[in-house]
Amino acid sequence: MLSRTLARTAATTARRFASTTTPVALVGCGMPGRGMGWYHAKQILDGDVPSAKLTDIVEPWFLGGGADGPGGAEFAAFKAEVEPTGVRFHSSIADMPKPDGKMMAMVCTRTADMPGYVDDLVAHGVSHVFLEKPGAP
């Protein structure tokens, strides 16, 4: 009985939030199939988070110095697959268009890098920031 109640509650909540979406920027996608950022992007793109719309991916490594290294080809293929859906890719937060309203950013980078990215996102006008565990030091 509890599981049916939880399922109904989850379905009701999903329907309520599906009517409104929040734009989401993902910072630190990582390697497709391996990175936690990639997995969160996949969840949003697959419709598992009906209240979210992935608008931007900021990936400094694979869109910069790591483009020709291990995982670079896999990331390029992911980018080519996802870009036609309207998701924009950027090598830095500064390259991302400033939000014109509320926006959530998910930071899925190395823990030591998180404080700098959070500062950059807030300065860029992002209203909400989610830190993928373990979070900033």
# chains A, B, ... in the order shown; residues from 1 in each chain; ligands from 1
>>> select_by_dssp(residues="chain A", states="strand (DSSP E or B)", output="NGL selection string")
:A and (22-27 or 52-58 or 88-90 or 104-107 or 128-131)
>>> residues_around(residues="stretch 111-116 of chain A", least_positions_apart="6", cutoff="12 Å", atoms="only C-alpha atoms", output="JSON, numbers by chain")
{"A": [27, 28, 60, 92, 93, 105, 122, 123, 129, 130, 131, 132, 133, 134, 135, 136, 137]}
>>> write_last_selection(atoms="N, CA, C and O atoms", output="compact mmCIF listing (two decimals), in the first residue's frame")
# COMPACT_ATOMS: atom_id res chain seq x y z
N VAL A 27 27.94 22.17 -15.65
CA VAL A 27 29.36 22.52 -15.68
C VAL A 27 30.15 21.27 -15.32
O VAL A 27 29.99 20.73 -14.22
N GLY A 28 30.97 20.80 -16.26
CA GLY A 28 31.78 19.62 -16.01
C GLY A 28 31.07 18.34 -16.41
O GLY A 28 30.82 17.47 -15.59
N PRO A 60 35.15 22.57 -19.87
CA PRO A 60 36.46 23.16 -20.15
C PRO A 60 37.50 22.17 -20.67
O PRO A 60 38.33 22.55 -21.50
N SER A 92 33.79 27.63 -21.46
CA SER A 92 33.86 28.35 -20.19
C SER A 92 32.50 28.95 -19.86
O SER A 92 31.65 29.13 -20.74
N ILE A 93 32.33 29.29 -18.60
CA ILE A 93 31.09 29.93 -18.15
C ILE A 93 30.95 31.29 -18.83
O ILE A 93 29.85 31.69 -19.23
N ALA A 105 22.35 25.81 -12.24
CA ALA A 105 23.56 25.20 -12.78
C ALA A 105 23.93 24.03 -11.89
O ALA A 105 23.85 24.11 -10.66
N VAL A 122 27.62 32.59 -10.19
CA VAL A 122 26.87 33.65 -9.51
C VAL A 122 27.15 34.99 -10.18
O VAL A 122 26.22 35.77 -10.44
N ALA A 123 28.41 35.26 -10.49
CA ALA A 123 28.76 36.52 -11.17
C ALA A 123 28.13 36.60 -12.55
O ALA A 123 27.84 37.68 -13.05
N VAL A 129 22.49 27.08 -7.77
CA VAL A 129 23.63 26.21 -8.07
C VAL A 129 23.52 24.94 -7.24
O VAL A 129 23.28 24.98 -6.04
N PHE A 130 23.69 23.80 -7.92
CA PHE A 130 23.67 22.48 -7.29
C PHE A 130 25.08 21.92 -7.42
O PHE A 130 25.63 21.87 -8.52
N LEU A 131 25.67 21.51 -6.30
CA LEU A 131 27.01 20.91 -6.32
C LEU A 131 26.88 19.39 -6.24
O LEU A 131 26.31 18.86 -5.29
N GLU A 132 27.42 18.72 -7.24
CA GLU A 132 27.47 17.27 -7.20
C GLU A 132 28.43 16.88 -6.08
O GLU A 132 29.46 17.53 -5.89
N LYS A 133 28.09 15.85 -5.33
CA LYS A 133 28.91 15.45 -4.20
C LYS A 133 30.37 15.23 -4.61
O LYS A 133 30.62 14.89 -5.76
N PRO A 134 31.28 15.42 -3.75
CA PRO A 134 31.13 15.70 -2.34
C PRO A 134 30.96 17.18 -2.02
O PRO A 134 30.90 17.54 -0.86
N GLY A 135 30.89 18.04 -3.01
CA GLY A 135 30.69 19.46 -2.74
C GLY A 135 32.00 20.18 -2.52
O GLY A 135 33.07 19.59 -2.52
N ALA A 136 31.89 21.46 -2.39
CA ALA A 136 33.10 22.30 -2.27
C ALA A 136 33.75 22.14 -0.89
O ALA A 136 33.07 21.91 0.09
N PRO A 137 35.08 22.32 -0.87
CA PRO A 137 35.80 22.21 0.40
C PRO A 137 35.47 23.37 1.33
O PRO A 137 35.06 24.40 0.93
>>> closest_residue(among="A:Gly37, A:Gly65, A:Pro50, A:Pro23", to="A:Lys102", atoms="only C-alpha atoms")
A:Pro23
>>> residues_around(residues="stretch 66-77 of chain A", least_positions_apart="6", cutoff="8 Å", atoms="only C-alpha atoms", output="PyMOL selection string")
chain A and resi 30-32
>>> write_last_selection(atoms="N, CA and C atoms", output="PDB file, in the first residue's frame")
ATOM      1  N   GLY A  30      32.173  15.872 -18.339  1.00  0.00           N
ATOM      2  CA  GLY A  30      33.033  14.706 -18.250  1.00  0.00           C
ATOM      3  C   GLY A  30      32.840  13.760 -19.421  1.00  0.00           C
ATOM      4  N   MET A  31      33.461  12.616 -19.315  1.00  0.00           N
ATOM      5  CA  MET A  31      33.449  11.639 -20.406  1.00  0.00           C
ATOM      6  C   MET A  31      32.092  10.933 -20.494  1.00  0.00           C
ATOM      7  N   PRO A  32      31.519  10.899 -21.684  1.00  0.00           N
ATOM      8  CA  PRO A  32      30.256  10.177 -21.863  1.00  0.00           C
ATOM      9  C   PRO A  32      30.371   8.716 -21.420  1.00  0.00           C
TER      10      PRO A  32
END
>>> residues_around(residues="A:Ile44", least_positions_apart="2", cutoff="12 Å", atoms="only C-alpha atoms", output="PyMOL selection string")
chain A and resi 21-26+37-42+46-56+82+87+106
